[in-house]
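Participant: Before I ask anything, here is the structure I am working with.
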Amino acid sequence: MALSKSDVEKIAHLARLEINDADIPLYANNLTNILSFVEQMSAVDTTGVEPMAHPLAASQRLRPDIVTETNQRELFQSIAPQVEAGLYLVPKVIE
Amino acid sequence: MEWEVVIGLEIHAQLATRTKIFSGAATAYGAAPNTQACAVDLGLPGVLPVLNGEVTRMAVKFGLATGARIAPRSVFARKNYFYPDLPKGYQISQYELPIVGQGKIQIELDDGTTKTIGITRAHLEEDAGKSLHEDFHDLTGIDLNRAGTPLLEIVSEPDMRSAKEAVAYMKKIHSLVRYLEICDGNMQEGSFRCDANVSVRPKGREKFGTRAEIKNINSFRFVEKAINYEVERQIELLESGGTVVQETRLYDADKDETRSMRSKEEAFDYRYFPDPDLLPLDVDDAFIAEVRSTLPELPDEKRERFIYEYGLTPYDASVLTASRELADFFEAVEKASDGEAKQSANWVMGDLSASLNKANLEITNSPVTAQMLGGMIQRIADDTISGKIAKEVFEAMWNGEGDADAIIEKKGLKQVTDTGAIEQAIDAVIANNPKQLEQYRGGQEKLFGFFVGQVMKATQGKANPALLNELLKKKLSS
């Protein structure tokens with residue numbers, strides 16, 4: 001399955017990536033190659049093989065429900081571009 | 001044409017943990033902005049999520065209480081979208097393999113019948129932060145205290161056929177999560193909210209109509225109103241030759257209407273994939289058995305027990321078991337009243353509930369304790385006071401004038417059961433009303449009530465009603 005120019009543009013938009021028009025054919029080609037590779041894997045008979053959710057054969061460790069993090073707002077906000085009244089300020093978003 | 005309404009709900013219940021789902025930051029409500037948002041919640045580079053064990057326990061509890069299969073292995077996935085109150089650019093959720101599988105719950109309808117509603121699944125996920133759009137000189141303020149708060153999303157089957165059924169279902173889930181003590185159910189604070197999927201189809205047709213999803217409804221009343229508005233809108237649209245489009249809509253409580261938020265074409269493409277930062281969650285049989293042993297008596301079991309143990313009507317039993325606190329209060333009153341179950345139910349559901357509503361108080365803050373109410377009911381049962389006088393005693397207890405015995409003593413409300421005293425009062429009333437006596441004896445039996453009223457007045461309402469009736473009847477006909 002070959003990706004079109006508009007596919008590449010959509011994928012870039014979803015990832016919020018700005019791309020040059022001139023680079024699109026290259027990206028389309030590279031991404032298409034990746035998909036071809038996945039298609040090759042689809043040809044393998046996986047009957048009876050349990051789907052893998054994680055490459056490590058281990059299970060999730062659990063944490064006790066105890067507060068361990070203290071308030072470090074001033075530290076975290078010292079690298080934020082703009083803050084006010086304890087809030088992070090960002091360009092206006094309206095639904 | 002006759003239309004059938006089809007509704008499915010997605011309920012978000014905030015799990016009542018002390019800390020976030022993937023970090024050790026506190027979840028307490030109402031903290032100053034961003035004081036409970038740690039490096040993990042902020043999605044700073046290099047941090048890793050670690051699952052809160054209590055979250056797993058609570059999800060399993062819910063699954064067991066709804067007869068669901070608990071997945072021995074479930075997987076966390078990333079749901080990708082960009083919004084400033086979602087710092088990582090994705091929400092950690094569960095997608096293909098949720099922790100709680102198919103279950104069901106029974107709802108009671110107004111006509112006394114019950115209906116089973118299927119629960120498709122329940123999965124764990126993290127909440128986002130809050131965006132504040134006002135007052136920041138055309139910028140948006142972001143508070144990330146809520147980011148990473150654990151949620152259990154409970155997805156129902158499209159089994160509900162009216163707004164009323166949807167409300168009954170939502171109330172039932174609300175009651176259940178509070179019984180299980182996995183969610184505080186506080187809807188004002190957003191701890192319990194829902195999205196409603198609504199569609200209509202011609203009655204008798206099997207295929208579902210196109211649905212609209214109404215987002216973020218945070219009260220029982222709004223659920224009913226939003227669904228009713230949406231049903232009307234869709235039917236009007238279809239009957240005037242239009243078509244319903246699949247879209248997300250917002251309910252505006254001020255205007256009592258829903259309006260379009262985004263269409264299917266604009267719908268987010270979430271690109272779910274397993275989160276490589278988290279390993280699969282394994283739940284073994286021993287853990288499930290341990291959680292099962294901690295399950296409390298559930299609302300339906302309690303309701304059945306109230307019917308056979310206390311002889312209550314199904315309706316009374318439903319009302320009293322709607323919340324665990326109310327059920328506990330009733331049982332304490334019943335005990336303190338020495339087994340006067342029916343009276344206890346009546347007083348708890350009647351005068352007490354009315355007074356609490358009026359004062360906007362919860363049962364747990366009732367100024368009249370279960371001990372006090374039970375004590376008063378004992379005095380009705382042993383004929384110390386009549387039911388009518390009891391209302392006066394109740395009011396005095398409500399106003400903090402002490403317990404029933406003290407009030408009865410202080411105000412001299414003890415019922416007169418002394419035959420002689422009542423007879424004396426009756427004689428006086430008869431003597432003072434010769435005309436009425438003549439009319440009564442002439443066949444106007446309705447006047448009996450007049451005499452009862454007069455004697456009651458003469459005894460300041462304290463004459464034992466049954467005794468008074470008996471003696472008066474005898475005197476009037478002699």
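Just remember, in the structure tokens the first chain shown is A, the second B, etc., residues are 1-based per chain, and ligands are 1-based in the order shown.
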Report as CSV the residues of chain A within 9 Å of chain B, each with its shortest atom pair and distance in Å (one decimal), using only C-alpha atoms, ordered by chain and increasing residue number.
Facilitator:
```
residue,atom,partner,partner_atom,distance
A:Leu14,CA,B:Asp269,CA,7.7
A:Ala15,CA,B:Tyr81,CA,8.5
A:Arg16,CA,B:Phe82,CA,8.4
A:Ala53,CA,B:Pro274,CA,6.3
A:His54,CA,B:Leu279,CA,6.3
A:Pro55,CA,B:Pro276,CA,8.5
A:Leu56,CA,B:Leu279,CA,7.6
A:Ala57,CA,B:Leu279,CA,8.6
A:Ala58,CA,B:Leu279,CA,6.8
A:Ser59,CA,B:Pro280,CA,5.3
A:Gln60,CA,B:Leu279,CA,4.6
A:Arg61,CA,B:Leu51,CA,7.0
A:Leu62,CA,B:Gly53,CA,4.8
A:Arg63,CA,B:Asn52,CA,4.8
A:Pro64,CA,B:Gly53,CA,5.8
A:Asp65,CA,B:Thr19,CA,5.8
A:Ile66,CA,B:Thr19,CA,6.4
A:Val67,CA,B:Gly24,CA,4.8
A:Thr68,CA,B:Gly24,CA,4.8
A:Glu69,CA,B:Ala25,CA,4.8
A:Thr70,CA,B:Ala25,CA,7.1
A:Asn71,CA,B:Thr35,CA,5.0
A:Gln72,CA,B:Thr35,CA,6.9
A:Arg73,CA,B:Thr35,CA,5.6
A:Glu74,CA,B:Thr35,CA,9.0
A:Phe76,CA,B:Ala39,CA,7.9
A:Val83,CA,B:Gly141,CA,8.1
A:Glu84,CA,B:Gly141,CA,7.8
A:Ala85,CA,B:Pro33,CA,7.8
A:Gly86,CA,B:Pro33,CA,5.4
A:Leu87,CA,B:Ile142,CA,5.2
A:Tyr88,CA,B:Ile142,CA,4.9
A:Leu89,CA,B:Gly141,CA,4.6
A:Val90,CA,B:Thr140,CA,5.3
A:Pro91,CA,B:Leu139,CA,5.0
A:Lys92,CA,B:Leu139,CA,4.5
A:Val93,CA,B:Thr140,CA,6.5
A:Ile94,CA,B:His133,CA,7.7
A:Glu95,CA,B:Met261,CA,7.3
```
Participant: Contacts of Gln343 (chain B) at 10 Å or less, counting only C-alpha atoms, minus same-chain residues fewer than 2 places along, as a JSON list (two decimals) with N, CA, C and O atoms, in the first residue's frame?
Facilitator:
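Contents of out.json, as written:
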```json
[["chain", "number", "residue", "atom", "x", "y", "z"],
["B", 333, "VAL", "N", -32.06, 3.26, 63.60],
["B", 333, "VAL", "CA", -33.33, 3.72, 64.16],
["B", 333, "VAL", "C", -34.19, 2.51, 64.56],
["B", 333, "VAL", "O", -34.74, 2.45, 65.65],
["B", 334, "GLU", "N", -34.23, 1.55, 63.64],
["B", 334, "GLU", "CA", -35.05, 0.35, 63.89],
["B", 334, "GLU", "C", -34.60, -0.34, 65.17],
["B", 334, "GLU", "O", -35.42, -0.74, 65.99],
["B", 337, "SER", "N", -35.49, 1.67, 68.20],
["B", 337, "SER", "CA", -36.93, 1.72, 68.45],
["B", 337, "SER", "C", -37.42, 0.36, 68.96],
["B", 337, "SER", "O", -38.62, 0.18, 69.14],
["B", 339, "GLY", "N", -37.36, -2.56, 67.32],
["B", 339, "GLY", "CA", -38.03, -3.40, 66.34],
["B", 339, "GLY", "C", -39.26, -2.80, 65.66],
["B", 339, "GLY", "O", -40.01, -3.52, 65.02],
["B", 340, "GLU", "N", -39.46, -1.49, 65.79],
["B", 340, "GLU", "CA", -40.60, -0.86, 65.11],
["B", 340, "GLU", "C", -40.18, -0.50, 63.67],
["B", 340, "GLU", "O", -39.97, 0.67, 63.33],
["B", 341, "ALA", "N", -40.08, -1.52, 62.81],
["B", 341, "ALA", "CA", -39.51, -1.31, 61.47],
["B", 341, "ALA", "C", -40.35, -0.37, 60.61],
["B", 341, "ALA", "O", -39.83, 0.56, 59.99],
["B", 345, "ALA", "N", -39.19, 3.22, 59.22],
["B", 345, "ALA", "CA", -39.12, 3.53, 57.79],
["B", 345, "ALA", "C", -39.91, 4.80, 57.49],
["B", 345, "ALA", "O", -39.44, 5.70, 56.79],
["B", 346, "ASN", "N", -41.12, 4.87, 58.05],
["B", 346, "ASN", "CA", -41.97, 6.04, 57.78],
["B", 346, "ASN", "C", -41.32, 7.34, 58.25],
["B", 346, "ASN", "O", -41.35, 8.35, 57.57],
["B", 347, "TRP", "N", -40.74, 7.31, 59.45],
["B", 347, "TRP", "CA", -40.15, 8.54, 59.98],
["B", 347, "TRP", "C", -38.89, 8.94, 59.23],
["B", 347, "TRP", "O", -38.65, 10.11, 58.96],
["B", 348, "VAL", "N", -38.07, 7.93, 58.87],
["B", 348, "VAL", "CA", -36.83, 8.24, 58.14],
["B", 348, "VAL", "C", -37.17, 8.80, 56.76],
["B", 348, "VAL", "O", -36.61, 9.80, 56.32],
["B", 349, "MET", "N", -38.13, 8.15, 56.07],
["B", 349, "MET", "CA", -38.45, 8.59, 54.70],
["B", 349, "MET", "C", -39.34, 9.82, 54.69],
["B", 349, "MET", "O", -39.38, 10.56, 53.73],
["B", 374, "GLY", "N", -35.21, 6.70, 67.20],
["B", 374, "GLY", "CA", -35.66, 5.39, 67.66],
["B", 374, "GLY", "C", -36.32, 5.50, 69.03],
["B", 374, "GLY", "O", -37.35, 4.88, 69.29],
["B", 377, "ILE", "N", -39.78, 6.85, 68.66],
["B", 377, "ILE", "CA", -40.70, 5.85, 68.09],
["B", 377, "ILE", "C", -41.13, 4.84, 69.17],
["B", 377, "ILE", "O", -42.28, 4.41, 69.21],
["B", 378, "GLN", "N", -40.22, 4.54, 70.10],
["B", 378, "GLN", "CA", -40.59, 3.68, 71.24],
["B", 378, "GLN", "C", -41.73, 4.29, 72.05],
["B", 378, "GLN", "O", -42.61, 3.59, 72.52],
["B", 380, "ILE", "N", -44.03, 6.23, 70.91],
["B", 380, "ILE", "CA", -45.28, 6.09, 70.17],
["B", 380, "ILE", "C", -45.80, 4.67, 70.37],
["B", 380, "ILE", "O", -46.98, 4.46, 70.66],
["B", 381, "ALA", "N", -44.88, 3.72, 70.26],
["B", 381, "ALA", "CA", -45.26, 2.31, 70.35],
["B", 381, "ALA", "C", -45.83, 1.97, 71.73],
["B", 381, "ALA", "O", -46.77, 1.20, 71.83],
["B", 387, "GLY", "N", -49.20, 9.67, 67.53],
["B", 387, "GLY", "CA", -48.45, 10.00, 66.32],
["B", 387, "GLY", "C", -48.48, 11.48, 66.02],
["B", 387, "GLY", "O", -47.52, 12.05, 65.48]]
```
Participant: Based on the backbone DSSP call, show me all residues of chain A assigned strand (DSSP E), as a PyMOL selection string.
Facilitator: chain A and resi 62-63+83-84+87-91
Participant: Among chain A, which ones does DSSP assign to alpha helix (DSSP H) (computed from the backbone)? Answer as number ranges by chain.
Facilitator: A: 5-14, 24-42, 73-77
Participant: Save the residues we just selected, C-alpha atoms, as a tab-separated table (two decimals), in the first residue's frame?
Facilitator:
```
chain	number	residue	atom	x	y	z
A	5	LYS	CA	0.82	13.13	-0.41
A	6	SER	CA	-2.41	13.81	1.50
A	7	ASP	CA	-1.77	10.78	3.77
A	8	VAL	CA	1.60	12.21	4.71
A	9	GLU	CA	0.09	15.63	5.32
A	10	LYS	CA	-2.58	14.13	7.56
A	11	ILE	CA	-0.07	12.13	9.57
A	12	ALA	CA	2.10	15.20	10.02
A	13	HIS	CA	-0.88	17.24	11.13
A	14	LEU	CA	-1.93	14.61	13.67
A	24	ILE	CA	6.86	14.84	1.16
A	25	PRO	CA	7.78	12.34	-1.62
A	26	LEU	CA	10.71	11.10	0.47
A	27	TYR	CA	8.51	10.68	3.59
A	28	ALA	CA	5.83	8.98	1.54
A	29	ASN	CA	8.37	6.54	0.20
A	30	ASN	CA	9.94	5.80	3.61
A	31	LEU	CA	6.59	5.33	5.33
A	32	THR	CA	5.37	3.11	2.51
A	33	ASN	CA	8.45	0.94	3.00
A	34	ILE	CA	7.66	0.59	6.67
A	35	LEU	CA	4.12	-0.50	5.84
A	36	SER	CA	5.43	-3.01	3.32
A	37	PHE	CA	7.61	-4.45	6.03
A	38	VAL	CA	4.59	-4.80	8.32
A	39	GLU	CA	2.71	-6.48	5.48
A	40	GLN	CA	5.48	-9.03	5.19
A	41	MET	CA	5.05	-9.84	8.86
A	42	SER	CA	1.31	-10.26	8.32
A	73	ARG	CA	5.20	24.32	41.72
A	74	GLU	CA	7.72	27.17	41.89
A	75	LEU	CA	10.48	24.92	40.58
A	76	PHE	CA	8.38	23.54	37.71
A	77	GLN	CA	7.00	26.92	36.78
```
Participant: Between CA of Val455 (chain B) and CA of Leu468 (chain B), measure the distance and give it in Å to one decimal.
Facilitator: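 Interatomic distance, CA of Val455 (chain B) to CA of Leu468 (chain B): 8.1 Å.
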